file target.cif (mmCIF, C-alpha atoms)
data_query
#
loop_
_atom_site.label_atom_id
_atom_site.label_comp_id
_atom_site.auth_asym_id
_atom_site.auth_seq_id
_atom_site.Cartn_x
_atom_site.Cartn_y
_atom_site.Cartn_z
CA MET A 20 62.89 98.54 86.28
CA THR A 21 61.70 95.03 87.13
CA ASN A 22 59.10 94.25 89.73
CA ALA A 23 61.76 92.86 92.02
CA ASN A 24 63.66 96.13 91.91
CA ARG A 25 60.48 98.16 92.45
CA SER A 26 59.65 96.26 95.61
CA LYS A 27 63.09 97.09 96.97
CA TRP A 28 62.15 100.78 97.22
CA GLU A 29 59.09 100.13 99.34
CA TYR A 30 59.93 99.44 102.91
CA GLU A 31 57.56 97.52 105.08
CA SER A 32 58.50 99.47 108.18
CA GLU A 33 60.62 102.36 109.40
CA SER A 34 63.15 99.96 110.84
CA ASP A 35 63.74 98.46 107.37
CA LEU A 36 64.42 101.92 105.99
CA ILE A 37 66.76 102.75 108.88
CA GLN A 38 68.63 99.46 108.43
CA ASP A 39 69.04 99.97 104.71
CA PHE A 40 70.17 103.54 105.32
CA LYS A 41 72.85 102.51 107.78
CA LYS A 42 73.99 99.71 105.52
CA THR A 43 74.20 102.03 102.52
CA PHE A 44 76.07 104.79 104.31
CA ALA A 45 78.51 102.45 105.98
CA ASN A 46 80.30 103.06 102.67
CA PRO A 47 81.45 106.71 102.86
CA SER A 48 81.67 107.02 99.07
CA ASN A 49 77.86 107.15 98.94
CA LEU A 50 77.72 110.37 100.96
CA ASP A 51 78.71 112.84 98.22
CA PRO A 52 76.28 111.71 95.51
CA ALA A 53 73.45 111.50 98.07
CA ALA A 54 74.13 115.06 99.32
CA GLU A 55 74.30 116.38 95.73
CA HIS A 56 71.06 114.67 94.85
CA LEU A 57 69.28 116.10 97.90
CA PHE A 58 70.52 119.61 97.13
CA GLU A 59 69.43 119.28 93.51
CA SER A 60 65.92 118.13 94.43
CA MET A 61 65.47 120.96 96.96
CA PHE A 62 66.84 123.52 94.51
CA GLN A 63 64.42 122.25 91.83
CA GLU A 64 61.52 122.75 94.24
CA ALA A 65 62.71 126.30 94.99
CA VAL A 66 62.81 127.14 91.26
CA GLU A 67 59.38 125.60 90.70
CA GLY A 68 57.98 127.69 93.57
CA VAL A 69 59.23 130.96 92.08
CA ALA A 70 58.19 130.00 88.53
CA PHE A 71 54.72 129.01 89.65
CA GLN A 72 54.25 132.28 91.51
CA MET A 73 55.44 134.37 88.54
CA HIS A 74 53.25 132.37 86.17
CA PHE A 75 50.23 132.97 88.42
CA GLU A 76 51.05 136.67 88.63
CA SER A 77 51.13 136.90 84.86
CA LYS A 78 47.68 135.33 84.61
CA HIS A 79 46.17 137.39 87.47
CA PRO A 80 47.97 140.75 87.54
CA GLU A 81 45.06 142.55 89.27
CA VAL A 82 45.56 140.38 92.39
CA PHE A 83 49.19 141.45 92.72
CA SER A 84 48.66 145.13 91.93
CA THR A 85 51.77 146.22 93.91
CA THR A 86 54.08 144.38 91.51
CA ASN A 87 52.71 146.32 88.52
CA GLN A 88 53.66 149.58 90.20
CA SER A 89 57.32 148.79 89.77
CA PHE A 90 57.12 149.00 85.99
CA ASP A 91 57.45 152.26 84.02
CA ASP A 92 54.36 154.46 83.82
CA THR A 93 55.04 155.13 80.12
CA LYS A 94 54.62 151.47 79.37
CA LYS A 95 51.33 151.41 81.27
CA HIS A 96 49.91 154.40 79.38
CA SER A 97 51.00 153.15 75.97
CA SER A 98 49.34 149.76 76.31
CA SER A 99 46.67 150.23 78.93
CA SER A 100 44.74 147.17 77.98
CA HIS A 101 47.76 144.91 78.27
CA ASN A 102 50.13 144.42 81.19
CA ASP A 103 53.87 143.87 80.95
CA TYR A 104 53.47 140.13 80.56
CA GLY A 105 51.54 140.73 77.33
CA ALA A 106 48.25 139.44 78.77
CA SER A 107 45.00 141.43 78.88
CA SER A 108 44.27 143.11 82.25
CA ASN A 109 40.88 144.70 81.61
CA LYS A 110 39.09 142.38 84.04
CA PHE A 111 38.68 143.76 87.57
CA LEU A 112 38.49 141.14 90.29
CA ASN A 113 35.52 141.31 92.65
CA CYS A 114 35.13 139.01 95.61
CA LYS A 115 31.98 137.85 97.33
CA CYS A 116 32.04 138.09 101.11
CA LEU A 117 31.15 134.74 102.66
CA ASN A 118 29.73 136.43 105.76
CA CYS A 119 27.37 139.04 104.35
CA GLU A 120 27.38 137.95 100.65
CA LYS A 121 28.23 141.43 99.42
CA THR A 122 30.40 141.95 96.36
CA VAL A 123 33.58 143.78 97.32
CA SER A 124 36.61 144.73 95.25
CA ALA A 125 39.71 142.63 95.85
CA ASN A 126 41.72 145.60 97.14
CA LYS A 127 39.26 146.25 99.96
CA PHE A 128 38.29 142.65 100.62
CA ALA A 129 40.65 142.09 103.54
CA SER A 130 39.54 145.15 105.49
CA HIS A 131 35.86 144.46 104.73
CA LEU A 132 36.16 140.87 105.97
CA GLU A 133 37.93 142.06 109.10
CA ASN A 134 35.09 144.39 110.01
CA CYS A 135 32.39 141.99 108.84
CA MET A 136 33.62 139.18 111.09
CA GLY A 137 34.11 141.43 114.10
CA LEU A 138 37.90 141.32 114.21
CA GLY A 139 38.60 144.94 113.29
CA ARG A 140 39.30 147.83 115.63
CA ASN A 141 35.94 149.57 115.32
CA SER A 142 33.86 146.49 114.68
CA SER A 143 33.21 145.82 118.39
CA ARG A 144 31.95 149.41 118.86
CA ILE A 145 29.75 149.12 115.80
CA ALA A 146 28.36 145.80 117.03
CA SER A 147 27.61 147.16 120.52
CA ARG A 148 25.89 150.23 119.05
CA LYS A 149 23.72 147.94 116.99
CA LYS A 150 22.90 145.98 120.12
CA THR A 151 21.80 149.09 122.05
CA THR A 152 19.50 150.19 119.26
CA ASN A 153 17.93 146.73 119.35
CA ASN A 154 17.73 146.59 123.17
CA SER A 155 15.33 149.35 124.25
CA TYR A 156 15.75 148.77 128.03
CA TYR A 157 19.00 148.90 129.95
CA ASP A 158 19.37 149.40 133.71
CA PRO A 159 22.79 150.84 134.63
CA ASP A 160 22.18 150.20 138.31
CA ASP A 161 21.59 146.50 137.79
CA PRO A 162 24.49 144.77 139.63
CA TYR A 163 23.97 141.49 137.79
CA ASP A 164 24.45 143.04 134.37
CA ASN A 165 28.18 142.40 134.08
CA ASP A 166 28.26 142.15 130.30
CA ALA A 167 31.28 144.15 129.17
CA GLU A 168 29.79 145.04 125.79
CA SER A 169 26.58 146.40 127.21
CA ASN A 170 28.51 148.33 129.82
CA ASP A 171 30.76 149.64 127.09
CA ALA A 172 27.76 150.53 124.93
CA ASN A 173 26.06 152.53 127.67
CA TRP A 174 29.06 154.58 128.74
CA THR A 175 27.26 157.63 127.38
CA ALA A 176 24.31 157.04 129.72
CA LYS A 177 26.63 156.50 132.70
CA GLU A 178 28.74 159.52 131.89
CA LYS A 179 25.65 161.71 131.67
CA THR A 180 24.52 160.57 135.11
CA LYS A 181 28.06 161.11 136.42
CA LYS A 182 28.13 164.62 135.01
CA LYS A 183 24.81 165.36 136.63
CA THR A 184 26.05 164.15 140.04
CA ILE A 185 29.30 166.13 139.68
CA LYS A 186 27.37 169.23 138.75
CA SER A 187 25.02 168.84 141.67
CA GLN A 188 27.98 168.30 144.05
CA SER A 189 29.87 171.31 142.72
CA SER A 190 26.77 173.50 143.06
CA GLN A 191 26.40 172.36 146.69
CA LYS A 192 30.04 173.24 147.39
CA LYS A 193 29.63 176.68 145.96
CA SER A 194 26.61 177.31 148.09
CA LYS A 195 28.59 176.18 151.17
CA THR A 196 31.44 178.63 150.62
CA TYR A 197 29.11 181.59 150.61
CA MET A 198 27.61 180.50 153.91
CA MET B 27 86.93 95.86 80.31
CA PHE B 28 83.87 93.84 81.15
CA ASN B 29 84.85 94.00 84.82
CA LYS B 30 85.10 97.78 84.59
CA MET B 31 81.63 98.02 83.09
CA LEU B 32 80.27 95.69 85.75
CA SER B 33 81.83 97.66 88.58
CA ARG B 34 80.52 100.91 87.07
CA ASN B 35 77.01 99.46 86.87
CA ILE B 36 77.21 98.31 90.48
CA ASN B 37 78.49 101.72 91.50
CA ASP B 38 75.65 103.47 89.68
CA HIS B 39 73.14 101.12 91.27
CA ASN B 40 74.60 101.86 94.71
CA ASN B 41 74.47 105.58 94.03
CA VAL B 42 70.82 105.40 92.97
CA ASN B 43 70.03 103.40 96.09
CA ALA B 44 71.95 105.84 98.29
CA LYS B 45 70.14 108.84 96.82
CA ARG B 46 66.74 107.26 97.28
CA VAL B 47 67.42 106.05 100.81
CA ALA B 48 68.91 109.41 101.86
CA GLU B 49 65.87 111.27 100.58
CA GLN B 50 63.43 108.96 102.34
CA MET B 51 65.39 109.04 105.56
CA THR B 52 65.52 112.84 105.70
CA ILE B 53 61.80 113.00 104.98
CA LEU B 54 61.11 110.51 107.77
CA ARG B 55 63.15 112.50 110.28
CA GLY B 56 61.62 115.82 109.19
CA GLU B 57 65.04 117.18 108.30
CA ARG B 58 64.34 117.61 104.62
CA MET B 59 61.72 120.25 105.33
CA LEU B 60 64.08 122.16 107.61
CA LEU B 61 66.91 121.97 105.08
CA LYS B 62 64.64 123.19 102.31
CA ASP B 63 63.38 126.12 104.41
CA TYR B 64 66.97 127.06 105.18
CA LEU B 65 67.89 126.84 101.49
CA VAL B 66 64.95 129.01 100.41
CA GLN B 67 65.74 131.61 103.07
CA SER B 68 69.42 131.71 102.08
CA LEU B 69 68.53 132.08 98.41
CA GLN B 70 66.22 134.98 99.20
CA GLU B 71 68.86 136.72 101.31
CA SER B 72 71.46 136.33 98.57
CA GLY B 73 69.15 137.97 95.98
CA TRP B 74 68.81 134.83 93.90
CA ASP B 75 65.03 135.03 94.25
CA ASP B 76 64.85 138.44 92.58
CA LYS B 77 67.11 137.38 89.72
CA VAL B 78 65.01 134.30 89.02
CA ARG B 79 61.83 136.39 89.11
CA ILE B 80 63.33 138.66 86.45
CA LEU B 81 64.30 135.62 84.37
CA CYS B 82 60.75 134.27 84.67
CA ARG B 83 59.26 137.62 83.60
CA GLU B 84 61.55 137.74 80.57
CA GLU B 85 60.59 134.23 79.50
CA ILE B 86 56.88 134.97 79.95
CA ALA B 87 57.20 138.22 77.98
CA LYS B 88 59.04 136.39 75.17
CA ALA B 89 56.13 133.96 74.94
CA ASN B 90 53.56 136.81 75.19
CA GLY B 91 52.04 135.22 78.28
CA LEU B 92 51.32 131.95 76.47
CA ILE B 93 53.58 129.57 78.34
CA SER B 94 52.90 126.65 80.67
CA VAL B 95 54.46 126.33 84.11
CA ASP B 96 56.42 123.24 83.04
CA SER B 97 57.93 125.01 80.03
CA LEU B 98 58.76 128.02 82.17
CA VAL B 99 60.51 125.82 84.73
CA ASP B 100 62.44 123.98 81.99
CA ARG B 101 63.65 127.25 80.47
CA VAL B 102 64.51 129.02 83.71
CA THR B 103 66.16 126.16 85.65
CA PRO B 104 69.53 126.10 83.81
CA LYS B 105 69.90 129.89 84.12
CA ALA B 106 68.81 129.81 87.76
CA ARG B 107 71.40 127.13 88.48
CA LYS B 108 74.16 129.46 87.28
CA GLU B 109 72.92 132.22 89.60
CA ILE B 110 73.40 130.21 92.80
CA PRO B 111 76.33 131.58 94.83
CA ASP B 112 79.08 128.96 95.15
CA GLU B 113 79.48 129.57 98.87
CA LEU B 114 75.81 128.95 99.46
CA LYS B 115 75.90 125.68 97.55
CA ALA B 116 78.99 124.48 99.42
CA ASP B 117 77.43 125.46 102.75
CA MET B 118 74.23 123.58 101.94
CA ILE B 119 76.00 120.42 100.84
CA LEU B 120 78.07 120.48 104.03
CA LYS B 121 74.90 120.82 106.10
CA ILE B 122 73.26 117.94 104.24
CA LYS B 123 76.28 115.71 104.84
CA LYS B 124 76.22 116.54 108.56
CA VAL B 125 72.54 115.64 108.71
CA LEU B 126 73.15 112.31 106.95
CA LEU B 127 76.06 111.45 109.23
CA GLN B 128 73.97 112.35 112.28
CA ALA B 129 71.18 110.11 111.02
CA LYS B 130 73.63 107.27 110.53
CA GLU B 131 74.87 107.57 114.12
CA ASP B 132 71.41 107.80 115.71
#

call {"tool": "encode", "arguments": {"input": "target.cif", "output": "structure tokens"}}
result
Amino acid sequence: MTNANRSKWEYESESDLIQDFKKTFANPSNLDPAAEHLFESMFQEAVEGVAFQMHFESKHPEVFSTTNQSFDDTKKHSSSSHNDYGASSNKFLNCKCLNCEKTVSANKFASHLENCMGLGRNSSRIASRKKTTNNSYYDPDDPYDNDAESNDANWTAKEKTKKKTIKSQSSQKKSKTYM
Amino acid sequence: MFNKMLSRNINDHNNVNAKRVAEQMTILRGERMLLKDYLVQSLQESGWDDKVRILCREEIAKANGLISVDSLVDRVTPKARKEIPDELKADMILKIKKVLLQAKED
């Protein structure tokens, strides 16, 4: 391809591209080959995507452990050191948590990270418990202490006081009935 | 005969230009991405994805795991092309033509 032809493919602006497009497709015979070409390029990308994923799986079978479960158990037992792609699978993948810098196995990494970063179900309770052990003083009657976590953390203290008040009230009632 | 060759060359040149311009136009309008997502989804629903995965596994096993991605793609592509359902291909090409015609009118 000559330099003159190369420069034809580079448009200076969007409007140049749009003009060339309209000019080209004013001829309806150009529609079929263009559509075929587009389909072919998209199909090629789809194939490359699948091939790349399968190639990666073959190199790192421990990351995709669910896929290995679909193969026969007899094959696994007969060649335990090799997976069905023929590659060695003796390595076990460990990941380092970026938050707490602990080494965790890949299978449990997601759940560990969830709890570590405070996004898990129990992580907020664990965090508030840690806070109460660090904070020695807490006043439940303080009206300005509207922190939800601290309130949540000290539900045990509140409930105990509530129980005490209920008990005292119930004992008073009982004494009244016998009067 | 020379005229036929000349007209064929011009036709080929026009086709190459049309393909290139169509691709760039659909990328500019964001339609190429949407068409590709639709194609991938349709291929998955038709089971083509699973068949190609099996083909890839077979090729990798034949090479004992020692195969590059490019070689894998080269070996699998012709077989994968045969696995595409004809209806899906026709549907996609029709969609692409509609998109190109719409772009021409806008």

call {"tool": "residues_around", "arguments": {"input": "target.cif", "residues": "Arg107 of chain B", "least_positions_apart": "5", "cutoff": "10 Å", "atoms": "all atoms listed in the file", "output": "list of chain:residue names"}}
result
A:Glu59, A:Phe62, A:Gln63, A:Val66, B:Trp74, B:Val78, B:Val102

call {"tool": "closest_residue", "arguments": {"input": "target.cif", "among": "A:Thr152, A:Ser124, A:Ser130, A:Asn118", "to": "Val82 of chain A", "atoms": "all atoms listed in the file"}}
result
A:Ser124

call {"tool": "closest_residue", "arguments": {"input": "target.cif", "among": "A:Asp51, A:Glu76, A:Asp39, A:Glu33", "to": "Lys123 of chain B", "atoms": "all atoms listed in the file"}}
result
A:Asp51

call {"tool": "interface_residues", "arguments": {"input": "target.cif", "of": "chain A", "to": "chain B", "cutoff": "9 Å", "atoms": "all atoms listed in the file", "output": "compact mmCIF listing (two decimals) with C-alpha atoms, keeping the file's coordinate frame"}}
result
# COMPACT_ATOMS: atom_id res chain seq x y z
CA TRP A 28 62.15 100.78 97.22
CA GLU A 33 60.62 102.36 109.40
CA LEU A 36 64.42 101.92 105.99
CA ILE A 37 66.76 102.75 108.88
CA ASP A 39 69.04 99.97 104.71
CA PHE A 40 70.17 103.54 105.32
CA LYS A 41 72.85 102.51 107.78
CA THR A 43 74.20 102.03 102.52
CA PHE A 44 76.07 104.79 104.31
CA ALA A 45 78.51 102.45 105.98
CA SER A 48 81.67 107.02 99.07
CA ASN A 49 77.86 107.15 98.94
CA LEU A 50 77.72 110.37 100.96
CA ASP A 51 78.71 112.84 98.22
CA PRO A 52 76.28 111.71 95.51
CA ALA A 53 73.45 111.50 98.07
CA ALA A 54 74.13 115.06 99.32
CA GLU A 55 74.30 116.38 95.73
CA HIS A 56 71.06 114.67 94.85
CA LEU A 57 69.28 116.10 97.90
CA PHE A 58 70.52 119.61 97.13
CA MET A 61 65.47 120.96 96.96
CA PHE A 62 66.84 123.52 94.51
CA GLN A 63 64.42 122.25 91.83
CA GLU A 64 61.52 122.75 94.24
CA ALA A 65 62.71 126.30 94.99
CA VAL A 66 62.81 127.14 91.26
CA GLU A 67 59.38 125.60 90.70
CA VAL A 69 59.23 130.96 92.08
CA ALA A 70 58.19 130.00 88.53
CA PHE A 71 54.72 129.01 89.65
CA GLN A 72 54.25 132.28 91.51
CA MET A 73 55.44 134.37 88.54
CA HIS A 74 53.25 132.37 86.17
CA PHE A 75 50.23 132.97 88.42
CA SER A 77 51.13 136.90 84.86
CA LYS A 78 47.68 135.33 84.61
CA ASP A 103 53.87 143.87 80.95
CA TYR A 104 53.47 140.13 80.56
CA GLY A 105 51.54 140.73 77.33
CA ALA A 106 48.25 139.44 78.77

call {"tool": "atom_distance", "arguments": {"input": "target.cif", "atom1": "atom CA of Glu109 of chain B", "atom2": "atom CA of Tyr64 of chain B"}}
result
17.5 Å

call {"tool": "build_atoms", "arguments": {"input": "target.cif", "residues": "segment 87-98 of chain B", "atoms": "all heavy atoms", "output": "CSV table (one decimal), in the frame of the given file"}}
result
chain,number,residue,atom,x,y,z
B,87,ALA,N,57.4,137.1,79.0
B,87,ALA,CA,57.2,138.2,78.0
B,87,ALA,C,57.6,137.7,76.6
B,87,ALA,O,56.9,138.1,75.6
B,87,ALA,CB,58.0,139.4,78.4
B,88,LYS,N,58.6,136.9,76.5
B,88,LYS,CA,59.0,136.4,75.2
B,88,LYS,C,57.9,135.6,74.6
B,88,LYS,O,57.7,135.6,73.3
B,88,LYS,CB,60.3,135.5,75.3
B,88,LYS,CG,61.6,136.1,75.3
B,88,LYS,CD,62.7,135.0,75.3
B,88,LYS,CE,63.9,135.6,75.9
B,88,LYS,NZ,65.0,134.6,76.1
B,89,ALA,N,57.2,134.8,75.4
B,89,ALA,CA,56.1,134.0,74.9
B,89,ALA,C,54.8,134.7,74.9
B,89,ALA,O,53.7,134.1,74.6
B,89,ALA,CB,56.0,132.7,75.8
B,90,ASN,N,54.8,136.0,75.2
B,90,ASN,CA,53.6,136.8,75.2
B,90,ASN,C,52.5,136.3,76.2
B,90,ASN,O,51.3,136.3,75.9
B,90,ASN,CB,52.9,136.9,73.8
B,90,ASN,CG,53.8,137.8,72.9
B,90,ASN,OD1,54.3,138.8,73.3
B,90,ASN,ND2,53.9,137.4,71.6
B,91,GLY,N,53.0,135.7,77.3
B,91,GLY,CA,52.0,135.2,78.3
B,91,GLY,C,51.5,133.8,78.0
B,91,GLY,O,50.8,133.3,78.8
B,92,LEU,N,51.9,133.3,76.8
B,92,LEU,CA,51.3,132.0,76.5
B,92,LEU,C,52.4,130.9,76.7
B,92,LEU,O,53.0,130.4,75.8
B,92,LEU,CB,50.9,131.9,75.0
B,92,LEU,CG,49.8,133.0,74.6
B,92,LEU,CD1,49.7,133.1,73.1
B,92,LEU,CD2,48.5,132.7,75.3
B,93,ILE,N,52.6,130.6,78.0
B,93,ILE,CA,53.6,129.6,78.3
B,93,ILE,C,53.1,128.8,79.5
B,93,ILE,O,52.4,129.3,80.4
B,93,ILE,CB,54.9,130.3,78.7
B,93,ILE,CG1,56.0,129.2,78.9
B,93,ILE,CG2,54.8,131.2,79.8
B,93,ILE,CD1,57.4,129.8,79.0
B,94,SER,N,53.3,127.5,79.5
B,94,SER,CA,52.9,126.6,80.7
B,94,SER,C,54.0,126.7,81.8
B,94,SER,O,55.1,127.1,81.5
B,94,SER,CB,52.7,125.2,80.2
B,94,SER,OG,54.0,124.7,79.9
B,95,VAL,N,53.5,126.3,83.0
B,95,VAL,CA,54.5,126.3,84.1
B,95,VAL,C,55.6,125.4,83.9
B,95,VAL,O,56.8,125.8,84.1
B,95,VAL,CB,53.7,125.9,85.4
B,95,VAL,CG1,54.7,125.9,86.6
B,95,VAL,CG2,52.6,126.9,85.7
B,96,ASP,N,55.3,124.2,83.3
B,96,ASP,CA,56.4,123.2,83.0
B,96,ASP,C,57.5,123.8,82.1
B,96,ASP,O,58.7,123.7,82.3
B,96,ASP,CB,55.8,121.9,82.5
B,96,ASP,CG,55.0,121.2,83.5
B,96,ASP,OD1,55.2,121.4,84.7
B,96,ASP,OD2,54.1,120.4,83.1
B,97,SER,N,57.0,124.4,81.0
B,97,SER,CA,57.9,125.0,80.0
B,97,SER,C,58.7,126.1,80.7
B,97,SER,O,60.0,126.2,80.4
B,97,SER,CB,57.2,125.6,78.8
B,97,SER,OG,56.3,124.7,78.3
B,98,LEU,N,58.1,126.9,81.5
B,98,LEU,CA,58.8,128.0,82.2
B,98,LEU,C,59.9,127.5,83.1
B,98,LEU,O,61.0,128.0,83.1
B,98,LEU,CB,57.7,128.8,83.0
B,98,LEU,CG,58.3,130.0,83.7
B,98,LEU,CD1,58.9,131.1,82.8
B,98,LEU,CD2,57.2,130.7,84.6
